[in-house]
file upload_24.csv (CSV, C-alpha atoms)
chain,number,residue,atom,x,y,z
A,1,MET,CA,-11.5,-58.9,-5.4
A,2,GLU,CA,-9.4,-59.7,-2.3
A,3,GLU,CA,-6.5,-60.5,-4.6
A,4,LYS,CA,-6.7,-57.0,-6.2
A,5,ARG,CA,-6.8,-55.4,-2.8
A,6,LYS,CA,-3.6,-57.2,-1.8
A,7,ARG,CA,-1.9,-55.9,-4.9
A,8,MET,CA,-3.0,-52.3,-4.2
A,9,PRO,CA,0.2,-50.2,-4.5
A,10,PHE,CA,1.4,-48.3,-1.4
A,11,ARG,CA,1.2,-44.6,-1.4
A,12,HIS,CA,1.2,-41.8,1.2
A,13,LEU,CA,-2.2,-40.3,2.1
A,14,THR,CA,-2.6,-36.6,1.3
A,15,TRP,CA,-4.3,-33.9,3.3
A,16,THR,CA,-7.3,-34.2,1.0
A,17,ASP,CA,-7.4,-38.0,1.6
A,18,ARG,CA,-7.5,-37.3,5.4
A,19,LEU,CA,-10.3,-34.9,5.1
A,20,CYS,CA,-12.3,-37.4,3.0
A,21,MET,CA,-11.5,-40.1,5.5
A,22,GLU,CA,-12.7,-38.0,8.4
A,23,LYS,CA,-16.0,-37.3,6.7
A,24,MET,CA,-16.5,-41.0,5.8
A,25,ILE,CA,-15.8,-42.2,9.4
A,26,LYS,CA,-18.3,-39.7,10.7
A,27,HIS,CA,-20.9,-41.2,8.3
A,28,GLY,CA,-20.2,-44.7,9.5
A,29,TYR,CA,-18.3,-46.1,6.5
A,30,SER,CA,-16.1,-49.2,7.2
A,31,SER,CA,-12.4,-49.3,6.8
A,32,GLN,CA,-12.7,-51.4,3.7
A,33,GLU,CA,-15.1,-48.9,2.1
A,34,ILE,CA,-12.8,-46.1,2.9
A,35,ALA,CA,-9.8,-48.0,1.4
A,36,ASN,CA,-11.8,-48.7,-1.8
A,37,THR,CA,-12.6,-45.0,-2.1
A,38,LEU,CA,-9.1,-43.8,-1.5
A,39,ARG,CA,-7.6,-46.7,-3.6
A,40,VAL,CA,-5.3,-47.9,-0.8
A,41,HIS,CA,-4.9,-51.1,1.2
A,42,VAL,CA,-7.2,-51.4,4.2
A,43,SER,CA,-4.2,-51.7,6.5
A,44,THR,CA,-3.2,-48.2,5.4
A,45,VAL,CA,-6.6,-47.0,6.6
A,46,ASN,CA,-6.4,-48.8,9.9
A,47,ARG,CA,-2.9,-47.3,10.6
A,48,GLU,CA,-4.2,-43.9,9.7
A,49,LYS,CA,-7.2,-44.2,12.0
A,50,LYS,CA,-4.8,-44.8,14.9
A,51,ARG,CA,-2.6,-41.9,13.9
A,52,GLY,CA,-5.5,-39.5,13.9
A,53,LEU,CA,-7.2,-40.6,17.2
A,54,THR,CA,-8.1,-37.6,19.3
A,55,MET,CA,-10.0,-37.5,22.6
A,56,GLN,CA,-13.1,-35.3,22.4
A,57,MET,CA,-15.9,-34.6,24.8
A,58,ASP,CA,-19.5,-34.7,23.5
A,59,SER,CA,-22.5,-32.6,24.6
A,60,GLU,CA,-23.2,-35.1,27.5
A,61,LEU,CA,-19.6,-34.6,28.8
A,62,ARG,CA,-18.6,-38.1,27.7
A,63,VAL,CA,-15.0,-38.5,26.4
A,64,LYS,CA,-14.5,-40.6,23.3
A,65,ASP,CA,-11.8,-41.2,20.7
A,66,VAL,CA,-12.5,-39.8,17.2
A,67,TYR,CA,-10.5,-39.5,14.0
A,68,ILE,CA,-9.4,-35.9,13.3
A,69,ALA,CA,-7.7,-35.1,10.0
A,70,GLU,CA,-5.6,-32.3,11.5
A,71,THR,CA,-4.2,-34.5,14.2
A,72,ALA,CA,-3.2,-37.2,11.7
A,73,GLU,CA,-1.6,-34.6,9.4
A,74,ARG,CA,0.4,-33.1,12.2
A,75,LYS,CA,1.7,-36.5,13.4
A,76,TYR,CA,2.5,-37.4,9.8
A,77,ARG,CA,4.5,-34.3,9.3
A,78,GLU,CA,6.3,-34.8,12.6
A,79,ASN,CA,7.3,-38.3,11.4
A,80,LEU,CA,8.6,-36.8,8.2
A,81,LYS,CA,10.9,-34.5,10.2
A,82,ALA,CA,12.1,-37.5,12.3
A,83,LYS,CA,12.9,-39.6,9.2
A,84,GLY,CA,15.0,-36.9,7.6
A,85,ALA,CA,17.2,-39.2,5.5
A,86,ASP,CA,14.2,-40.5,3.5
A,87,LEU,CA,12.7,-37.0,2.9
A,88,LYS,CA,15.5,-34.4,2.7
A,89,ILE,CA,13.1,-31.5,3.2
A,90,GLY,CA,11.7,-33.1,6.4
A,91,ASN,CA,14.4,-31.5,8.6
A,92,ASP,CA,14.4,-28.1,6.9
A,93,ARG,CA,11.1,-26.4,7.9
A,94,GLU,CA,12.4,-23.0,6.7
A,95,LEU,CA,13.1,-24.2,3.2
A,96,ALA,CA,9.7,-26.1,3.0
A,97,ASP,CA,7.9,-22.9,4.1
A,98,TYR,CA,9.8,-20.8,1.7
A,99,LEU,CA,9.0,-23.1,-1.3
A,100,GLU,CA,5.4,-23.3,-0.3
A,101,LYS,CA,5.0,-19.5,-0.2
A,102,LYS,CA,6.9,-19.0,-3.5
A,103,ILE,CA,4.7,-21.5,-5.3
A,104,ARG,CA,1.3,-20.8,-3.7
A,105,GLU,CA,1.5,-17.0,-3.1
A,106,ASP,CA,4.2,-15.7,-5.4
A,107,LYS,CA,3.0,-17.9,-8.3
A,108,PHE,CA,6.4,-19.4,-9.1
A,109,SER,CA,6.8,-22.8,-10.7
A,110,PRO,CA,8.6,-25.4,-8.6
A,111,GLU,CA,11.7,-25.1,-10.7
A,112,ALA,CA,11.7,-21.3,-10.4
A,113,ALA,CA,11.1,-21.5,-6.7
A,114,LEU,CA,14.1,-23.7,-6.3
A,115,ALA,CA,16.3,-21.4,-8.4
A,116,GLU,CA,15.2,-18.4,-6.3
A,117,ALA,CA,15.9,-20.4,-3.1
A,118,ARG,CA,19.5,-21.1,-4.3
A,119,ARG,CA,19.9,-17.4,-5.3
A,120,GLU,CA,18.9,-16.2,-1.8
A,121,GLY,CA,21.0,-18.8,0.0
A,122,LYS,CA,18.0,-20.8,1.3
A,123,MET,CA,19.5,-24.2,0.2
A,124,GLU,CA,22.7,-24.3,2.2
A,125,ARG,CA,21.4,-26.9,4.6
A,126,THR,CA,19.3,-28.9,2.1
A,127,SER,CA,19.5,-29.4,-1.6
A,128,ILE,CA,16.8,-31.0,-3.7
A,129,SER,CA,16.1,-31.3,-7.4
A,130,LYS,CA,13.0,-30.1,-9.2
A,131,TRP,CA,12.0,-33.7,-9.7
A,132,THR,CA,12.2,-34.4,-6.0
A,133,LEU,CA,10.2,-31.3,-5.3
A,134,TYR,CA,7.5,-32.3,-7.8
A,135,SER,CA,7.4,-35.7,-6.1
A,136,TYR,CA,7.0,-34.2,-2.7
A,137,ILE,CA,4.1,-32.0,-3.9
A,138,HIS,CA,2.5,-35.0,-5.6
A,139,LYS,CA,2.7,-37.2,-2.5
A,140,GLY,CA,1.2,-34.5,-0.3
A,141,VAL,CA,4.3,-33.9,1.8
A,142,PHE,CA,3.5,-30.1,2.1
A,143,LEU,CA,0.7,-28.9,4.4
A,144,SER,CA,-1.3,-27.0,1.8
A,145,LEU,CA,0.7,-27.2,-1.4
A,146,THR,CA,-0.8,-29.4,-4.2
A,147,MET,CA,-0.2,-29.9,-7.9
A,148,LYS,CA,-3.1,-27.5,-8.5
A,149,ASP,CA,-0.9,-24.7,-7.2
A,150,CYS,CA,1.7,-25.4,-9.9
A,151,PRO,CA,1.4,-23.6,-13.3
A,152,GLN,CA,-1.1,-25.5,-15.5
A,153,GLY,CA,-1.6,-27.9,-12.6
A,154,GLY,CA,1.4,-29.8,-13.6
A,155,VAL,CA,-0.3,-30.9,-16.8
A,156,GLN,CA,1.1,-30.0,-20.2
A,157,LYS,CA,-1.4,-28.5,-22.6
A,158,ILE,CA,-1.9,-30.5,-25.9
A,159,LYS,CA,-0.9,-28.3,-28.8
A,160,TYR,CA,-2.9,-28.4,-32.0
A,161,LYS,CA,-1.7,-27.0,-35.3
A,162,LYS,CA,-4.1,-24.8,-37.3
A,163,VAL,CA,-3.8,-25.2,-41.1
A,164,LYS,CA,-5.2,-22.1,-42.6
A,165,ARG,CA,-4.3,-19.7,-45.4
A,166,ALA,CA,-3.8,-16.0,-45.0
A,167,LYS,CA,-6.7,-13.7,-46.0
A,168,ARG,CA,-4.5,-10.8,-46.7
A,169,PRO,CA,-0.7,-10.0,-47.2
A,170,PRO,CA,1.1,-8.4,-44.3
A,171,LYS,CA,1.3,-4.6,-44.2
A,172,GLY,CA,5.1,-4.7,-44.1
A,173,ASP,CA,8.0,-7.1,-44.4
A,174,SER,CA,7.4,-10.8,-43.9
A,175,ILE,CA,9.4,-12.7,-41.2
A,176,GLU,CA,11.1,-14.4,-44.1
A,177,LYS,CA,13.1,-11.2,-44.7
A,178,ARG,CA,14.2,-10.8,-41.1
A,179,PRO,CA,18.0,-10.9,-40.6
A,180,ALA,CA,19.4,-14.3,-39.6
A,181,GLU,CA,21.0,-12.8,-36.5
A,182,VAL,CA,17.6,-12.3,-34.9
A,183,ASP,CA,17.0,-16.1,-34.9
A,184,THR,CA,20.1,-16.8,-32.9
A,185,ARG,CA,19.0,-14.6,-30.0
A,186,GLU,CA,22.6,-13.6,-29.5
A,187,THR,CA,22.1,-9.9,-30.5
A,188,PHE,CA,20.4,-7.4,-28.3
A,189,GLY,CA,17.6,-5.2,-29.5
A,190,HIS,CA,15.2,-7.6,-31.3
A,191,TRP,CA,11.7,-7.8,-29.8
A,192,GLU,CA,8.4,-9.6,-30.2
A,193,MET,CA,5.1,-7.8,-29.6
A,194,ASP,CA,1.6,-9.1,-28.9
A,195,THR,CA,-1.5,-8.2,-27.0
A,196,VAL,CA,-3.3,-9.9,-24.2
A,197,VAL,CA,-7.1,-9.3,-24.3
A,198,SER,CA,-9.6,-8.8,-21.6
A,199,ALA,CA,-12.6,-11.1,-20.9
A,200,LYS,CA,-14.9,-11.1,-23.9
A,201,ASP,CA,-17.6,-8.4,-23.9
A,202,THR,CA,-16.4,-6.9,-20.6
A,203,SER,CA,-13.8,-4.4,-21.6
A,204,LEU,CA,-12.0,-3.1,-24.7
A,205,LYS,CA,-8.7,-2.7,-22.7
A,206,ARG,CA,-5.7,-4.8,-23.6
A,207,LEU,CA,-2.2,-5.3,-22.5
A,208,LEU,CA,0.5,-4.6,-25.1
A,209,VAL,CA,3.4,-6.9,-24.4
A,210,LEU,CA,6.9,-6.4,-25.8
A,211,SER,CA,9.5,-9.2,-25.2
A,212,GLU,CA,13.3,-8.7,-25.9
A,213,ARG,CA,14.5,-12.0,-27.5
A,214,LYS,CA,18.0,-12.1,-25.9
A,215,THR,CA,17.5,-10.9,-22.4
A,216,LYS,CA,13.8,-11.9,-22.1
A,217,GLN,CA,13.0,-8.4,-20.7
A,218,GLU,CA,9.3,-7.5,-20.8
A,219,ILE,CA,7.5,-4.2,-21.2
A,220,ILE,CA,3.8,-4.3,-20.6
A,221,VAL,CA,1.6,-1.3,-21.5
A,222,LEU,CA,-2.1,-1.0,-20.7
A,223,ILE,CA,-3.9,0.3,-23.8
A,224,ASN,CA,-7.5,1.4,-24.2
A,225,ASN,CA,-8.5,-0.9,-27.1
A,226,GLY,CA,-7.3,-3.1,-29.9
A,227,GLU,CA,-7.1,-0.4,-32.6
A,228,ALA,CA,-3.8,0.2,-34.4
A,229,ALA,CA,-3.8,3.8,-33.2
A,230,SER,CA,-3.6,2.7,-29.6
A,231,VAL,CA,-0.6,0.5,-30.3
A,232,VAL,CA,1.2,3.4,-32.2
A,233,ALA,CA,0.4,5.7,-29.3
A,234,ALA,CA,1.9,3.3,-26.8
A,235,ILE,CA,5.1,2.9,-28.8
A,236,ASN,CA,5.3,6.7,-29.1
A,237,ARG,CA,5.1,7.0,-25.3
A,238,ILE,CA,8.0,4.6,-24.9
A,239,GLU,CA,10.0,6.6,-27.4
A,240,SER,CA,9.3,9.9,-25.6
A,241,LYS,CA,10.7,8.5,-22.4
A,242,LEU,CA,13.9,7.2,-24.1
A,243,GLY,CA,14.5,9.7,-26.8
A,244,ARG,CA,14.6,8.7,-30.5
A,245,GLU,CA,18.3,7.9,-30.7
A,246,HIS,CA,18.2,5.6,-27.6
A,247,PHE,CA,14.9,4.0,-28.8
A,248,LYS,CA,16.5,3.1,-32.1
A,249,LYS,CA,19.4,1.4,-30.4
A,250,ILE,CA,17.2,-0.6,-28.0
A,251,PHE,CA,14.3,-1.5,-30.4
A,252,ARG,CA,16.2,-2.5,-33.6
A,253,THR,CA,13.4,-4.8,-34.8
A,254,ILE,CA,10.0,-5.9,-33.6
A,255,THR,CA,8.2,-9.1,-34.8
A,256,VAL,CA,4.4,-9.1,-34.7
A,257,ASP,CA,1.5,-11.2,-35.9
A,258,ASN,CA,-1.0,-10.1,-38.6
A,259,GLY,CA,-3.6,-8.8,-36.1
A,260,LEU,CA,-5.5,-5.6,-36.9
A,261,GLU,CA,-3.9,-3.9,-34.0
A,262,PHE,CA,-0.5,-4.0,-35.8
A,263,ALA,CA,-1.8,-3.0,-39.2
A,264,ASP,CA,-0.3,0.5,-39.1
A,265,CYS,CA,3.2,-0.6,-40.1
A,266,ASP,CA,4.5,2.9,-40.9
A,267,GLY,CA,3.1,4.3,-37.7
A,268,ILE,CA,5.0,1.8,-35.6
A,269,GLN,CA,8.2,2.1,-37.6
A,270,LYS,CA,8.4,5.9,-38.0
A,271,GLY,CA,6.1,7.4,-35.3
A,272,ASN,CA,6.2,11.1,-35.8
A,273,GLY,CA,9.5,11.2,-37.6
A,274,GLU,CA,10.6,10.9,-41.2
A,275,ASP,CA,13.1,8.0,-40.7
A,276,GLU,CA,12.6,4.6,-39.2
A,277,ARG,CA,12.9,4.2,-35.4
A,278,THR,CA,12.5,0.4,-35.6
A,279,HIS,CA,11.6,-2.1,-38.3
A,280,ILE,CA,8.6,-4.4,-38.2
A,281,TYR,CA,8.5,-8.0,-39.4
A,282,TYR,CA,5.2,-9.9,-39.7
A,283,CYS,CA,4.9,-13.6,-38.8
A,284,HIS,CA,3.2,-16.1,-41.1
A,285,PRO,CA,-0.5,-16.4,-40.3
A,286,TYR,CA,-1.5,-18.8,-37.5
A,287,ARG,CA,2.2,-19.5,-36.6
A,288,SER,CA,2.3,-18.3,-32.9
A,289,GLY,CA,5.5,-20.4,-32.5
A,290,GLU,CA,7.4,-17.7,-34.5
A,291,ARG,CA,6.8,-15.5,-31.4
A,292,GLY,CA,7.5,-18.2,-28.9
A,293,LEU,CA,8.8,-15.8,-26.3
A,294,ASN,CA,5.6,-13.8,-26.4
A,295,GLU,CA,3.6,-16.9,-25.9
A,296,ASN,CA,5.6,-17.9,-22.8
A,297,THR,CA,5.3,-14.4,-21.4
A,298,ASN,CA,1.6,-14.4,-21.9
A,299,ARG,CA,1.3,-17.5,-19.8
A,300,LEU,CA,3.2,-15.8,-17.0
A,301,ILE,CA,0.8,-12.9,-17.2
A,302,ARG,CA,-2.1,-15.2,-17.1
A,303,ARG,CA,-0.9,-16.5,-13.7
A,304,HIS,CA,-2.0,-13.1,-12.3
A,305,TRP,CA,-4.9,-12.5,-14.6
A,306,PRO,CA,-6.4,-15.8,-15.9
A,307,LYS,CA,-8.5,-15.9,-19.0
A,308,GLY,CA,-11.9,-14.5,-18.3
A,309,THR,CA,-10.5,-11.6,-16.2
A,310,SER,CA,-11.9,-8.2,-17.1
A,311,PHE,CA,-9.2,-5.5,-17.6
A,312,GLU,CA,-11.6,-2.7,-17.0
A,313,ALA,CA,-10.6,-2.0,-13.4
A,314,ILE,CA,-6.9,-2.8,-13.8
A,315,THR,CA,-4.5,0.1,-13.1
A,316,GLU,CA,-1.2,1.0,-14.5
A,317,THR,CA,0.3,0.4,-11.1
A,318,GLN,CA,-0.9,-3.1,-11.1
A,319,VAL,CA,0.5,-3.6,-14.6
A,320,GLN,CA,3.9,-2.3,-13.5
A,321,ARG,CA,3.8,-4.7,-10.6
A,322,VAL,CA,3.3,-7.7,-12.9
A,323,GLU,CA,6.0,-6.4,-15.3
A,324,ASP,CA,8.4,-6.2,-12.4
A,325,TRP,CA,7.5,-9.7,-11.2
A,326,ILE,CA,8.2,-11.2,-14.6
A,327,ASN,CA,11.5,-9.3,-15.0
A,328,ASN,CA,12.6,-10.6,-11.6
A,329,TYR,CA,11.5,-14.1,-12.2
A,330,PRO,CA,14.2,-16.9,-12.5
A,331,ARG,CA,14.2,-17.9,-16.2
A,332,GLY,CA,15.5,-21.3,-17.0
A,333,ILE,CA,16.7,-20.2,-20.4
A,334,LEU,CA,18.9,-17.6,-18.7
A,335,ASN,CA,20.4,-20.2,-16.3
A,336,HIS,CA,17.8,-19.1,-13.8
A,337,ASP,CA,19.0,-15.5,-13.8
A,338,HIS,CA,16.6,-12.5,-13.8
A,339,SER,CA,16.0,-10.9,-17.2
A,340,ARG,CA,16.3,-7.5,-15.5
A,341,ASP,CA,20.0,-8.2,-14.8
A,342,TRP,CA,20.7,-9.2,-18.4
A,343,PHE,CA,18.8,-6.2,-19.7
A,344,ASP,CA,20.6,-3.8,-17.5
A,345,ARG,CA,24.0,-5.2,-18.7
A,346,GLU,CA,23.0,-4.6,-22.3
A,347,LEU,CA,21.9,-1.0,-21.6
A,348,LYS,CA,25.1,-0.3,-19.7
A,349,ALA,CA,27.1,-1.5,-22.7
A,350,LEU,CA,25.1,1.0,-24.8
A,351,GLY,CA,25.6,3.7,-22.3
A,352,ILE,CA,21.9,4.1,-21.8
A,353,ALA,CA,20.0,4.3,-18.5
A,354,TRP,CA,16.4,3.1,-18.5
A,355,PRO,CA,14.0,5.8,-17.2
A,356,ALA,CA,12.3,5.3,-13.9
A,357,ALA,CA,8.7,4.1,-14.0

call {"tool": "encode", "arguments": {"input": "upload_24.csv", "output": "structure tokens"}}
result
Amino acid sequence: MEEKRKRMPFRHLTWTDRLCMEKMIKHGYSSQEIANTLRVHVSTVNREKKRGLTMQMDSELRVKDVYIAETAERKYRENLKAKGADLKIGNDRELADYLEKKIREDKFSPEAALAEARREGKMERTSISKWTLYSYIHKGVFLSLTMKDCPQGGVQKIKYKKVKRAKRPPKGDSIEKRPAEVDTRETFGHWEMDTVVSAKDTSLKRLLVLSERKTKQEIIVLINNGEAASVVAAINRIESKLGREHFKKIFRTITVDNGLEFADCDGIQKGNGEDERTHIYYCHPYRSGERGLNENTNRLIRRHWPKGTSFEAITETQVQRVEDWINNYPRGILNHDHSRDWFDRELKALGIAWPAA
């Protein structure tokens, strides 16, 4: 047992470790018991005890030294600043605070937070990679930022493939007939469309999400239910803002799944007109990867409204705020540019101005 303790790998204690240690000390646990719980060497615990010693006065006006997690954390962070060379961010409090806010409050991923920091000129003094930032978060260098604040908690979701057969043919053209130029994402005007549903049995409301494949621009519309008529009505509203000719240039094709909400193929394609305003292609059943951009966008939306959220009280103003957040989010696939900038360039090339919200 003693041999195992000696081989215990060194690691920095985190804020959570210090809180646990403070509680165990108050309950009379020994240094070795604390070390076993935190899975560190006992010498690490003893050094930590000295770092967190704080003089306090009890009810009988007697002064004694006690371990306080906040004192230990403050001294630890001061040491990081002094070291500087070992931890680049230790001497750049402004950058550390900026990244912490972006990830915890603004719901950015560490990579996106770094990209936005570069964009705003926050990394002139200190430059770190996303791997270094992840390492700092994992080691507990930040005061309140942990891996739980990162999207998916820093854990990749295991993907399972569903093997099922379609129960009915698509209402319109299959994705197999979609032009090859759509696959390359080099041509503007090709969209994916999906819905994000409310918590089960709490509301019929949904979010209709349209994602432009080249620029990654998002349009999010709050609809009353998952009926095909609601989807057609939402598309009609977008057309009415743009005018039919502009709509046809911006929405050349839309790729959807085989959900009942997209069953009115003619309604989506023609609206109230005789000719097509867009063309719909239907994915193969149970192949969400054929709308990969939609799937990624839905994960961004879920950072604001996690699964289990009721959409009953959500307002169009809130939806617009999340749409703006996504369109001004650094996208790695766009070299960390904002999709809004790419989209505006494409509209300018077409001589079209997007109407104000």

call {"tool": "closest_residue", "arguments": {"input": "upload_24.csv", "among": "A:Lys171, A:Lys270, A:Thr315, A:Arg185", "to": "Asn258 of chain A", "atoms": "all atoms listed in the file"}}
result
A:Lys171

call {"tool": "residues_around", "arguments": {"input": "upload_24.csv", "residues": "Gly140 of chain A", "least_positions_apart": "2", "cutoff": "8 Å", "atoms": "only C-alpha atoms", "output": "number ranges by chain"}}
result
A: 12-15, 136-138, 142-143, 145-146

call {"tool": "closest_residue", "arguments": {"input": "upload_24.csv", "among": "A:Gly28, A:Pro110, A:Gly52, A:Gly121", "to": "Gly332 of chain A", "atoms": "only C-alpha atoms"}}
result
A:Pro110

call {"tool": "atom_distance", "arguments": {"input": "upload_24.csv", "atom1": "atom CA of Tyr98 of chain A", "atom2": "atom CA of Glu120 of chain A"}}
result
10.8 Å

call {"tool": "residues_around", "arguments": {"input": "upload_24.csv", "residues": "Lys64 of chain A", "least_positions_apart": "3", "cutoff": "7 Å", "atoms": "all atoms listed in the file", "output": "number ranges by chain"}}
result
A: 55-57

call {"tool": "write_last_selection", "arguments": {"input": "upload_24.csv", "atoms": "C-alpha atoms", "output": "PDB file, keeping the file's coordinate frame"}}
result
ATOM      1  CA  MET A  55     -10.000 -37.500  22.600  1.00  0.00           C
ATOM      2  CA  GLN A  56     -13.100 -35.300  22.400  1.00  0.00           C
ATOM      3  CA  MET A  57     -15.900 -34.600  24.800  1.00  0.00           C
TER       4      MET A  57
END

call {"tool": "closest_residue", "arguments": {"input": "upload_24.csv", "among": "A:Asn296, A:Glu316, A:Asp194, A:Phe188", "to": "Leu347 of chain A", "atoms": "all atoms listed in the file"}}
result
A:Phe188

call {"tool": "residues_around", "arguments": {"input": "upload_24.csv", "residues": "Asn328 of chain A", "least_positions_apart": "3", "cutoff": "9 Å", "atoms": "all atoms listed in the file", "output": "ChimeraX atom specification"}}
result
/A:323-325,331,337-341

call {"tool": "closest_residue", "arguments": {"input": "upload_24.csv", "among": "A:Arg206, A:Lys241, A:Gly189, A:Leu222", "to": "Thr278 of chain A", "atoms": "all atoms listed in the file"}}
result
A:Gly189

call {"tool": "closest_residue", "arguments": {"input": "upload_24.csv", "among": "A:Ser310, A:Thr215, A:Ser31, A:Ser109", "to": "Asp201 of chain A", "atoms": "all atoms listed in the file"}}
result
A:Ser310

call {"tool": "atom_distance", "arguments": {"input": "upload_24.csv", "atom1": "atom CA of Arg291 of chain A", "atom2": "atom CA of Pro179 of chain A"}}
result
15.2 Å

call {"tool": "closest_residue", "arguments": {"input": "upload_24.csv", "among": "A:Gly172, A:Asn294, A:Val221, A:Trp191", "to": "Gly267 of chain A", "atoms": "only C-alpha atoms"}}
result
A:Gly172

call {"tool": "build_atoms", "arguments": {"input": "upload_24.csv", "residues": "segment 314-329 of chain A", "atoms": "N, CA and C atoms", "output": "short mmCIF file (atom, residue, chain, number, x, y, z; two decimals), in the frame of the given file"}}
result
data_model
loop_
_atom_site.label_atom_id
_atom_site.label_comp_id
_atom_site.auth_asym_id
_atom_site.auth_seq_id
_atom_site.Cartn_x
_atom_site.Cartn_y
_atom_site.Cartn_z
N ILE A 314 -8.30 -2.69 -14.06
CA ILE A 314 -6.90 -2.80 -13.80
C ILE A 314 -6.17 -1.47 -14.00
N THR A 315 -5.25 -1.18 -13.09
CA THR A 315 -4.50 0.10 -13.10
C THR A 315 -3.13 -0.06 -13.67
N GLU A 316 -2.52 1.05 -14.05
CA GLU A 316 -1.20 1.00 -14.50
C GLU A 316 -0.18 0.58 -13.45
N THR A 317 -0.51 0.89 -12.21
CA THR A 317 0.30 0.40 -11.10
C THR A 317 0.34 -1.07 -10.98
N GLN A 318 -0.83 -1.69 -11.15
CA GLN A 318 -0.90 -3.10 -11.10
C GLN A 318 -0.15 -3.76 -12.30
N VAL A 319 -0.25 -3.15 -13.46
CA VAL A 319 0.50 -3.60 -14.60
C VAL A 319 1.98 -3.55 -14.40
N GLN A 320 2.43 -2.45 -13.81
CA GLN A 320 3.90 -2.30 -13.50
C GLN A 320 4.34 -3.34 -12.53
N ARG A 321 3.48 -3.68 -11.57
CA ARG A 321 3.80 -4.70 -10.60
C ARG A 321 4.04 -6.06 -11.23
N VAL A 322 3.17 -6.42 -12.17
CA VAL A 322 3.30 -7.70 -12.90
C VAL A 322 4.53 -7.68 -13.79
N GLU A 323 4.78 -6.55 -14.43
CA GLU A 323 6.00 -6.40 -15.30
C GLU A 323 7.24 -6.64 -14.45
N ASP A 324 7.29 -6.02 -13.28
CA ASP A 324 8.40 -6.20 -12.40
C ASP A 324 8.57 -7.64 -11.92
N TRP A 325 7.44 -8.27 -11.65
CA TRP A 325 7.50 -9.70 -11.20
C TRP A 325 8.07 -10.56 -12.28
N ILE A 326 7.68 -10.35 -13.53
CA ILE A 326 8.20 -11.20 -14.60
C ILE A 326 9.70 -10.92 -14.82
N ASN A 327 10.11 -9.66 -14.78
CA ASN A 327 11.50 -9.30 -15.00
C ASN A 327 12.43 -9.70 -13.87
N ASN A 328 11.86 -10.07 -12.74
CA ASN A 328 12.60 -10.60 -11.60
C ASN A 328 12.32 -12.02 -11.30
N TYR A 329 11.83 -12.74 -12.31
CA TYR A 329 11.50 -14.10 -12.20
C TYR A 329 12.62 -14.99 -12.73
#
